[in-house]
>>> print(open('my_file.txt').read())   # compact mmCIF, C-alpha atoms
# COMPACT_ATOMS: atom_id res chain seq x y z
CA MET A 25 0.00 0.00 0.00
CA SER A 26 2.66 2.52 1.04
CA ALA A 27 4.84 1.43 -1.88
CA ALA A 28 2.07 2.04 -4.41
CA PHE A 29 1.23 5.38 -2.78
CA LEU A 30 4.81 6.62 -2.89
CA ASP A 31 5.18 5.40 -6.49
CA ALA A 32 2.13 7.44 -7.46
CA ALA A 33 3.38 10.49 -5.55
CA MET A 34 6.78 10.33 -7.25
CA GLY A 35 5.15 9.92 -10.66
CA LEU A 36 3.03 12.98 -9.95
CA ALA A 37 6.12 14.92 -8.91
CA VAL A 38 7.54 14.26 -12.37
CA TRP A 39 4.31 15.42 -14.01
CA HIS A 40 4.23 18.61 -11.94
CA THR A 41 7.84 19.63 -12.47
CA LEU A 42 8.40 18.52 -16.07
CA GLN A 43 4.85 18.35 -17.52
CA ARG A 44 5.75 14.92 -18.82
CA ARG A 45 4.00 11.65 -18.10
CA ALA A 46 6.27 8.99 -16.71
CA VAL A 47 6.38 5.28 -16.04
CA THR A 48 8.41 3.65 -13.30
CA LEU A 49 11.54 1.82 -14.39
CA ARG A 50 13.03 1.16 -10.97
CA LEU A 51 11.93 1.88 -7.45
CA THR A 52 14.10 1.37 -4.38
CA LEU A 53 12.29 1.48 -1.07
CA ASP A 54 13.46 1.52 2.52
CA TYR A 55 10.84 0.78 5.13
CA LEU A 56 11.73 3.00 8.08
CA GLY A 57 8.77 2.61 10.44
CA PRO A 58 5.14 1.52 10.67
CA GLY A 59 2.10 3.61 9.77
CA ARG A 60 -0.63 2.89 12.30
CA VAL A 61 -4.42 2.68 11.87
CA GLY A 62 -5.82 6.21 11.81
CA ASP A 63 -2.53 7.94 10.94
CA TRP A 64 -2.62 10.63 8.28
CA LEU A 65 0.24 9.84 5.92
CA GLN A 66 1.56 12.16 3.25
CA ALA A 67 4.22 11.90 0.62
CA GLU A 68 6.68 14.24 -1.04
CA GLY A 69 8.45 13.69 -4.31
CA GLU A 70 11.38 15.64 -5.72
CA VAL A 71 12.90 15.40 -9.18
CA VAL A 72 16.62 15.28 -8.45
CA SER A 73 17.74 15.35 -12.07
CA HIS A 74 16.53 14.42 -15.50
CA ASP A 75 17.48 14.26 -19.15
CA GLU A 76 15.38 13.76 -22.27
CA HIS A 77 14.42 10.18 -21.42
CA VAL A 78 14.70 9.48 -17.71
CA ALA A 79 14.18 11.31 -14.43
CA GLN A 80 15.72 10.53 -11.06
CA VAL A 81 13.26 11.08 -8.25
CA ARG A 82 13.55 11.05 -4.48
CA GLY A 83 10.47 10.42 -2.37
CA ARG A 84 9.49 10.42 1.26
CA LEU A 85 6.36 9.09 2.95
CA TYR A 86 5.80 10.30 6.47
CA GLY A 87 3.28 10.35 9.27
CA PRO A 88 2.67 12.53 12.32
CA ARG A 89 5.61 11.09 14.26
CA HIS A 90 8.23 9.77 11.91
CA ASP A 91 9.22 8.79 8.38
CA VAL A 92 7.51 5.64 7.13
CA LEU A 93 9.16 5.04 3.79
CA ALA A 94 12.08 6.45 1.81
CA GLY A 95 12.18 5.97 -1.93
CA LEU A 96 14.53 6.45 -4.86
CA GLY A 97 13.06 6.05 -8.32
CA VAL A 98 14.05 6.04 -11.95
CA PHE A 99 11.22 7.11 -14.21
CA SER A 100 11.06 6.85 -17.97
CA LEU A 101 9.62 10.00 -19.52
CA LEU A 102 6.99 9.47 -22.20
CA SER A 103 7.02 11.75 -25.21
CA ARG A 104 4.84 14.85 -24.92
CA GLN A 105 2.74 13.83 -27.90
CA ARG A 106 1.90 10.40 -26.62
CA SER A 107 -1.33 10.16 -24.73
CA ILE A 108 -2.20 7.18 -22.62
CA GLN A 109 -5.10 5.29 -24.13
CA MET A 110 -7.75 5.49 -21.46
CA ARG A 111 -10.29 2.69 -21.45
CA SER A 112 -13.78 4.07 -21.83
CA MET B 3 -13.85 -12.70 -15.33
CA ASP B 4 -13.25 -15.95 -13.51
CA ASP B 5 -9.85 -16.42 -11.85
CA ASN B 6 -9.65 -19.97 -13.14
CA PRO B 7 -6.34 -20.80 -11.40
CA PRO B 8 -4.16 -23.56 -12.88
CA GLU B 9 -4.04 -26.97 -11.22
CA GLY B 10 -2.53 -27.01 -7.74
CA PHE B 11 -3.18 -23.37 -6.78
CA LEU B 12 -5.26 -22.70 -3.67
CA ARG B 13 -6.75 -19.33 -2.76
CA ILE B 14 -5.12 -17.69 0.26
CA ASP B 15 -7.65 -16.74 2.90
CA PHE B 16 -5.83 -13.85 4.59
CA ASP B 17 -8.43 -12.69 7.08
CA ARG B 18 -10.50 -15.82 7.76
CA GLY B 19 -13.70 -13.97 8.59
CA GLY B 20 -11.94 -11.32 10.74
CA PRO B 21 -11.62 -7.64 9.86
CA ILE B 22 -10.45 -7.22 6.25
CA THR B 23 -6.80 -6.24 5.91
CA PHE B 24 -4.94 -4.92 2.86
CA ASN B 25 -3.96 -8.35 1.57
CA GLY B 26 -7.55 -9.54 1.77
CA HIS B 27 -8.77 -6.39 0.04
CA ILE B 28 -6.67 -6.28 -3.11
CA GLY B 29 -8.06 -9.37 -4.78
CA ASN B 30 -7.72 -13.10 -4.90
CA LEU B 31 -4.20 -14.43 -4.49
CA TYR B 32 -3.37 -18.08 -4.92
CA CYS B 33 -0.54 -20.22 -3.65
CA LYS B 34 1.03 -23.49 -4.73
CA ARG B 35 3.55 -25.48 -2.75
CA GLY B 36 5.88 -27.92 -4.50
CA THR B 37 8.80 -30.19 -3.75
CA LYS B 38 11.47 -28.70 -1.51
CA GLY B 39 14.52 -27.39 -3.36
CA THR B 40 12.76 -26.99 -6.71
CA ARG B 41 11.61 -23.88 -8.51
CA GLU B 42 8.05 -24.83 -7.61
CA GLU B 43 8.60 -24.93 -3.84
CA PHE B 44 6.61 -21.74 -3.27
CA VAL B 45 4.61 -20.05 -6.04
CA LEU B 46 2.14 -17.20 -5.63
CA GLY B 47 -0.34 -16.62 -8.46
CA LEU B 48 -3.01 -14.18 -9.53
CA ARG B 49 -5.28 -13.51 -12.48
CA VAL B 50 -5.06 -9.88 -13.68
CA GLN B 51 -8.52 -8.37 -13.19
CA GLN B 52 -9.80 -4.95 -14.25
CA ASN B 53 -9.58 -3.55 -10.71
CA MET B 54 -5.83 -4.36 -10.61
CA CYS B 55 -5.05 -2.33 -13.74
CA ASN B 56 -3.64 1.16 -14.24
CA PRO B 57 -5.19 3.72 -16.62
CA ALA B 58 -3.08 2.27 -19.47
CA GLY B 59 -4.87 -1.06 -19.05
CA SER B 60 -2.02 -3.18 -17.72
CA LEU B 61 -1.31 -4.57 -14.25
CA HIS B 62 -0.70 -1.71 -11.79
CA GLY B 63 2.88 -1.42 -10.51
CA GLY B 64 1.60 -1.15 -6.96
CA MET B 65 -0.08 -4.53 -7.33
CA MET B 66 3.14 -6.03 -8.69
CA MET B 67 5.10 -4.63 -5.74
CA THR B 68 2.52 -5.90 -3.28
CA VAL B 69 2.72 -9.39 -4.72
CA ALA B 70 6.54 -9.28 -4.82
CA ASP B 71 6.56 -8.15 -1.19
CA LEU B 72 4.32 -11.07 -0.21
CA VAL B 73 6.49 -13.52 -2.16
CA GLY B 74 9.56 -12.16 -0.37
CA THR B 75 8.09 -12.44 3.13
CA MET B 76 5.72 -15.43 2.94
CA GLY B 77 7.69 -17.30 0.27
CA GLY B 78 11.14 -16.45 1.60
CA GLY B 79 9.97 -17.44 5.07
CA ALA B 80 8.56 -20.69 3.71
CA LEU B 81 11.84 -21.54 1.98
CA VAL B 82 13.79 -21.31 5.23
CA GLY B 83 11.02 -22.89 7.32
CA LEU B 84 9.91 -19.81 9.26
CA ARG B 85 6.23 -19.35 10.05
CA LYS B 86 6.51 -15.83 11.38
CA PHE B 87 5.45 -12.43 10.16
CA LEU B 88 8.58 -10.98 8.51
CA PRO B 89 8.37 -7.22 7.95
CA THR B 90 10.15 -5.95 4.82
CA VAL B 91 12.86 -3.40 5.52
CA SER B 92 14.04 -2.74 1.97
CA MET B 93 12.93 -3.62 -1.53
CA THR B 94 14.11 -2.65 -5.02
CA CYS B 95 11.85 -3.28 -7.99
CA ASP B 96 12.59 -3.23 -11.71
CA PHE B 97 9.52 -3.08 -13.92
CA VAL B 98 10.67 -5.18 -16.83
CA ALA B 99 7.49 -5.64 -18.86
CA PRO B 100 3.74 -5.09 -18.48
CA ALA B 101 1.13 -7.76 -17.73
CA ARG B 102 -2.22 -7.53 -19.46
CA LEU B 103 -5.79 -7.99 -18.35
CA GLY B 104 -6.53 -11.72 -18.07
CA ASP B 105 -2.88 -12.79 -17.74
CA TRP B 106 -1.96 -15.36 -15.09
CA VAL B 107 0.96 -13.94 -13.08
CA GLU B 108 3.24 -16.11 -10.93
CA GLY B 109 5.79 -15.03 -8.34
CA ARG B 110 8.72 -17.09 -7.08
CA PRO B 111 11.31 -16.32 -4.41
CA GLU B 112 14.99 -17.17 -4.61
CA LEU B 113 16.92 -17.30 -1.38
CA VAL B 114 20.12 -15.24 -1.40
CA ARG B 115 21.20 -15.41 2.24
CA GLN B 116 19.77 -15.81 5.68
CA THR B 117 21.36 -14.27 8.75
CA ARG B 118 20.12 -14.38 12.33
CA SER B 119 17.99 -11.29 11.84
CA LEU B 120 17.71 -10.70 8.09
CA LEU B 121 16.51 -12.59 5.05
CA PHE B 122 17.78 -11.60 1.58
CA THR B 123 15.70 -12.71 -1.41
CA ASN B 124 15.38 -12.14 -5.13
CA ILE B 125 11.86 -12.26 -6.50
CA TYR B 126 10.68 -12.68 -10.05
CA LEU B 127 7.14 -12.21 -11.30
CA THR B 128 6.43 -13.97 -14.59
CA VAL B 129 3.66 -14.39 -17.14
CA GLY B 130 4.35 -17.77 -18.71
CA GLU B 131 8.07 -17.67 -19.52
CA GLU B 132 8.27 -13.88 -19.67
CA LYS B 133 9.60 -11.98 -16.65
CA ILE B 134 7.59 -8.87 -15.81
CA LEU B 135 9.19 -7.74 -12.55
CA ARG B 136 12.49 -8.30 -10.79
CA ALA B 137 12.75 -7.43 -7.13
CA SER B 138 15.44 -7.68 -4.52
CA ALA B 139 14.20 -7.58 -0.95
CA ILE B 140 15.43 -7.69 2.62
CA ALA B 141 13.06 -8.86 5.35
CA LYS B 142 13.63 -8.65 9.10
CA ILE B 143 13.46 -11.87 11.07
CA PRO B 144 12.01 -10.84 14.42
CA SER B 145 13.82 -12.07 17.51
CA GLY B 146 11.97 -14.52 19.74
CA ASP B 147 8.75 -15.99 18.47
CA GLY B 148 7.53 -12.74 16.90
CA LEU B 149 4.01 -12.50 15.62
CA ALA B 150 2.45 -15.62 14.20
CA PHE B 151 1.88 -15.22 10.48
CA GLY B 152 -1.38 -13.32 10.77
CA ARG B 153 -4.46 -15.32 9.91
CA ALA B 154 -3.43 -16.26 6.38
CA LYS B 155 -4.28 -19.81 5.55
CA LEU B 156 -4.77 -21.74 2.34
CA ASP B 157 -8.40 -22.33 1.56
CA ARG B 158 -8.30 -26.12 1.96
CA GLY B 159 -12.10 -26.15 1.74
CA ALA B 160 -11.76 -25.26 -1.94
CA GLU B 161 -9.40 -28.19 -2.42
CA VAL B 162 -11.94 -30.52 -0.87
CA ALA B 163 -14.65 -29.01 -3.05
CA VAL B 164 -12.57 -29.72 -6.15
CA LYS B 165 -11.71 -33.27 -5.19
CA GLY B 166 -15.21 -34.03 -3.96
CA ALA B 167 -16.56 -33.92 -0.43
CA PRO B 168 -14.83 -36.16 2.12
CA THR B 169 -16.64 -39.38 2.78
>>> encode(input="my_file.txt", output="structure tokens")
Amino acid sequence: MSAAFLDAAMGLAVWHTLQRRAVTLRLTLDYLGPGRVGDWLQAEGEVVSHDEHVAQVRGRLYGPRHDVLAGLGVFSLLSRQRSIQMRS
Amino acid sequence: MDDNPPEGFLRIDFDRGGPITFNGHIGNLYCKRGTKGTREEFVLGLRVQQNMCNPAGSLHGGMMMTVADLVGTMGGGALVGLRKFLPTVSMTCDFVAPARLGDWVEGRPELVRQTRSLLFTNIYLTVGEEKILRASAIAKIPSGDGLAFGRAKLDRGAEVAVKGAPT
């Protein structure tokens, strides 16, 4: 659950900073602590660097007390023209 | 769409009537146990359903990671004969190829090393012969007895139903 959430947050970070859609190539996760029932968890993503094809992203998922998950991701950038075929 | 698992796979009943947890929520997962020391010793399987897909219509990466995580903890634990809850401390995933709606996905663990407190595994998810995800994971082996492995149990009732009711 936390892995999928952080993956989505890091993908969105790419979209917000570069206006490019991205797919995950590699995701490295370190589980730092538990998130308990009722905790509000939030995630931050930061594009560390990028070129024409890939972006390096750092992510952090944290709760009210401590960090839950640290992530490092490599995202492949899709071309600006390409739109994802949404199923109707 | 029916899951229609191949021969030998049993559905994992994670919550057994108790409050529904994440593993019980995400969809049906199946397990097959084979001969010790073979590739088939522990196999997790799932049928890709619509609710497991991303907007592009292939299996969601989060679902792949969830399954890989379960293979690493349940499967890795099974390979070394531990029936404890092993929390994952680190996992690296490479998304090699997509899986499509209706595909049957299998996950297998490979033991790298076991120490007193850590378990290192490689995990591959495959569709047929094609690899779709490669993961490398480290799980913590709790000291003492730790938690028992939750409530997860293979649905032996289904096995009986397939083979005919016991006489």
>>> closest_atom_pairs(input="my_file.txt", of="chain B", to="chain A", cutoff="10 Å", atoms="all atoms listed in the file", output="CSV")
residue,atom,partner,partner_atom,distance
B:Phe24,CA,A:Met25,CA,7.5
B:Asn25,CA,A:Met25,CA,9.4
B:Ile28,CA,A:Met25,CA,9.7
B:Asn56,CA,A:Met110,CA,9.4
B:Pro57,CA,A:Met110,CA,5.8
B:Ala58,CA,A:Ile108,CA,5.9
B:Gly59,CA,A:Arg111,CA,7.0
B:His62,CA,A:Ala28,CA,8.7
B:Gly63,CA,A:Ala28,CA,7.1
B:Gly64,CA,A:Ala28,CA,4.1
B:Met65,CA,A:Ala28,CA,7.5
B:Met66,CA,A:Ala28,CA,9.2
B:Met67,CA,A:Ala27,CA,7.2
B:Thr68,CA,A:Met25,CA,7.2
B:Asp71,CA,A:Ala27,CA,9.8
B:Pro89,CA,A:Tyr55,CA,8.8
B:Thr90,CA,A:Tyr55,CA,6.8
B:Val91,CA,A:Tyr55,CA,4.7
B:Ser92,CA,A:Asp54,CA,4.3
B:Met93,CA,A:Leu53,CA,5.2
B:Thr94,CA,A:Thr52,CA,4.1
B:Cys95,CA,A:Leu51,CA,5.2
B:Asp96,CA,A:Arg50,CA,4.5
B:Phe97,CA,A:Leu49,CA,5.3
B:Val98,CA,A:Leu49,CA,7.5
B:Ala99,CA,A:Leu49,CA,9.6
B:Leu135,CA,A:Arg50,CA,9.8
B:Arg136,CA,A:Arg50,CA,9.5
B:Ala137,CA,A:Thr52,CA,9.3
B:Ser138,CA,A:Thr52,CA,9.1
B:Ala139,CA,A:Leu53,CA,9.3
B:Ile140,CA,A:Asp54,CA,9.4
B:Ala141,CA,A:Tyr55,CA,9.9
>>> write_last_selection(input="my_file.txt", atoms="C-alpha atoms", output="mmCIF file, in the coordinates of the input")
data_model
loop_
_atom_site.group_PDB
_atom_site.id
_atom_site.type_symbol
_atom_site.label_atom_id
_atom_site.label_comp_id
_atom_site.auth_asym_id
_atom_site.auth_seq_id
_atom_site.Cartn_x
_atom_site.Cartn_y
_atom_site.Cartn_z
ATOM 1 C CA PHE B 24 -4.940 -4.920 2.860
ATOM 2 C CA ASN B 25 -3.960 -8.350 1.570
ATOM 3 C CA ILE B 28 -6.670 -6.280 -3.110
ATOM 4 C CA ASN B 56 -3.640 1.160 -14.240
ATOM 5 C CA PRO B 57 -5.190 3.720 -16.620
ATOM 6 C CA ALA B 58 -3.080 2.270 -19.470
ATOM 7 C CA GLY B 59 -4.870 -1.060 -19.050
ATOM 8 C CA HIS B 62 -0.700 -1.710 -11.790
ATOM 9 C CA GLY B 63 2.880 -1.420 -10.510
ATOM 10 C CA GLY B 64 1.600 -1.150 -6.960
ATOM 11 C CA MET B 65 -0.080 -4.530 -7.330
ATOM 12 C CA MET B 66 3.140 -6.030 -8.690
ATOM 13 C CA MET B 67 5.100 -4.630 -5.740
ATOM 14 C CA THR B 68 2.520 -5.900 -3.280
ATOM 15 C CA ASP B 71 6.560 -8.150 -1.190
ATOM 16 C CA PRO B 89 8.370 -7.220 7.950
ATOM 17 C CA THR B 90 10.150 -5.950 4.820
ATOM 18 C CA VAL B 91 12.860 -3.400 5.520
ATOM 19 C CA SER B 92 14.040 -2.740 1.970
ATOM 20 C CA MET B 93 12.930 -3.620 -1.530
ATOM 21 C CA THR B 94 14.110 -2.650 -5.020
ATOM 22 C CA CYS B 95 11.850 -3.280 -7.990
ATOM 23 C CA ASP B 96 12.590 -3.230 -11.710
ATOM 24 C CA PHE B 97 9.520 -3.080 -13.920
ATOM 25 C CA VAL B 98 10.670 -5.180 -16.830
ATOM 26 C CA ALA B 99 7.490 -5.640 -18.860
ATOM 27 C CA LEU B 135 9.190 -7.740 -12.550
ATOM 28 C CA ARG B 136 12.490 -8.300 -10.790
ATOM 29 C CA ALA B 137 12.750 -7.430 -7.130
ATOM 30 C CA SER B 138 15.440 -7.680 -4.520
ATOM 31 C CA ALA B 139 14.200 -7.580 -0.950
ATOM 32 C CA ILE B 140 15.430 -7.690 2.620
ATOM 33 C CA ALA B 141 13.060 -8.860 5.350
#
>>> residues_around(input="my_file.txt", residues="Glu108 of chain B", least_positions_apart="4", cutoff="6 Å", atoms="all atoms listed in the file", output="ChimeraX atom specification")
/B:46-47,127-128
>>> write_last_selection(input="my_file.txt", atoms="C-alpha atoms", output="short mmCIF file (atom, residue, chain, number, x, y, z; two decimals), in the frame of the given file")
data_model
loop_
_atom_site.label_atom_id
_atom_site.label_comp_id
_atom_site.auth_asym_id
_atom_site.auth_seq_id
_atom_site.Cartn_x
_atom_site.Cartn_y
_atom_site.Cartn_z
CA LEU B 46 2.14 -17.20 -5.63
CA GLY B 47 -0.34 -16.62 -8.46
CA LEU B 127 7.14 -12.21 -11.30
CA THR B 128 6.43 -13.97 -14.59
#
>>> closest_residue(input="my_file.txt", among="A:Tyr86, A:Glu76, A:Leu36, A:Ala67", to="Ser103 of chain A", atoms="only C-alpha atoms")
A:Glu76
>>> residues_around(input="my_file.txt", residues="Glu42 of chain B", least_positions_apart="5", cutoff="12 Å", atoms="only C-alpha atoms", output="list in words")
Gly10, Phe11, Cys33, Lys34, Arg35, Gly36, Thr37, Gly47, Gly77, Leu81, Glu108, Gly109, Arg110, Pro111 and Glu112 of chain B
>>> atom_distance(input="my_file.txt", atom1="atom CA of Glu43 of chain B", atom2="atom CA of Gly78 of chain B")
10.4 Å
>>> atom_distance(input="my_file.txt", atom1="atom CA of Thr23 of chain B", atom2="atom CA of Gly59 of chain A")
13.8 Å
>>> atom_distance(input="my_file.txt", atom1="atom CA of Ile14 of chain B", atom2="atom CA of Trp64 of chain A")
29.5 Å
>>> closest_residue(input="my_file.txt", among="B:Thr75, B:Leu88, B:Trp106, B:Ala154", to="Thr123 of chain B", atoms="all atoms listed in the file")
B:Thr75
>>> closest_residue(input="my_file.txt", among="A:Arg82, A:Arg60, A:His77, A:Arg89", to="Met34 of chain A", atoms="all atoms listed in the file")
A:Arg82
>>> residues_around(input="my_file.txt", residues="Val71 of chain A", least_positions_apart="2", cutoff="8 Å", atoms="all atoms listed in the file", output="PyMOL selection string")
chain A and resi 37-38+41+69+73-74+79-82
>>> residues_around(input="my_file.txt", residues="Gln51 of chain B", least_positions_apart="3", cutoff="8 Å", atoms="all atoms listed in the file", output="number ranges by chain")
B: 3, 54-55, 103-104
>>> residues_around(input="my_file.txt", residues="Arg13 of chain B", least_positions_apart="3", cutoff="6 Å", atoms="only C-alpha atoms", output="ChimeraX atom specification")
/B:31-32,156-157
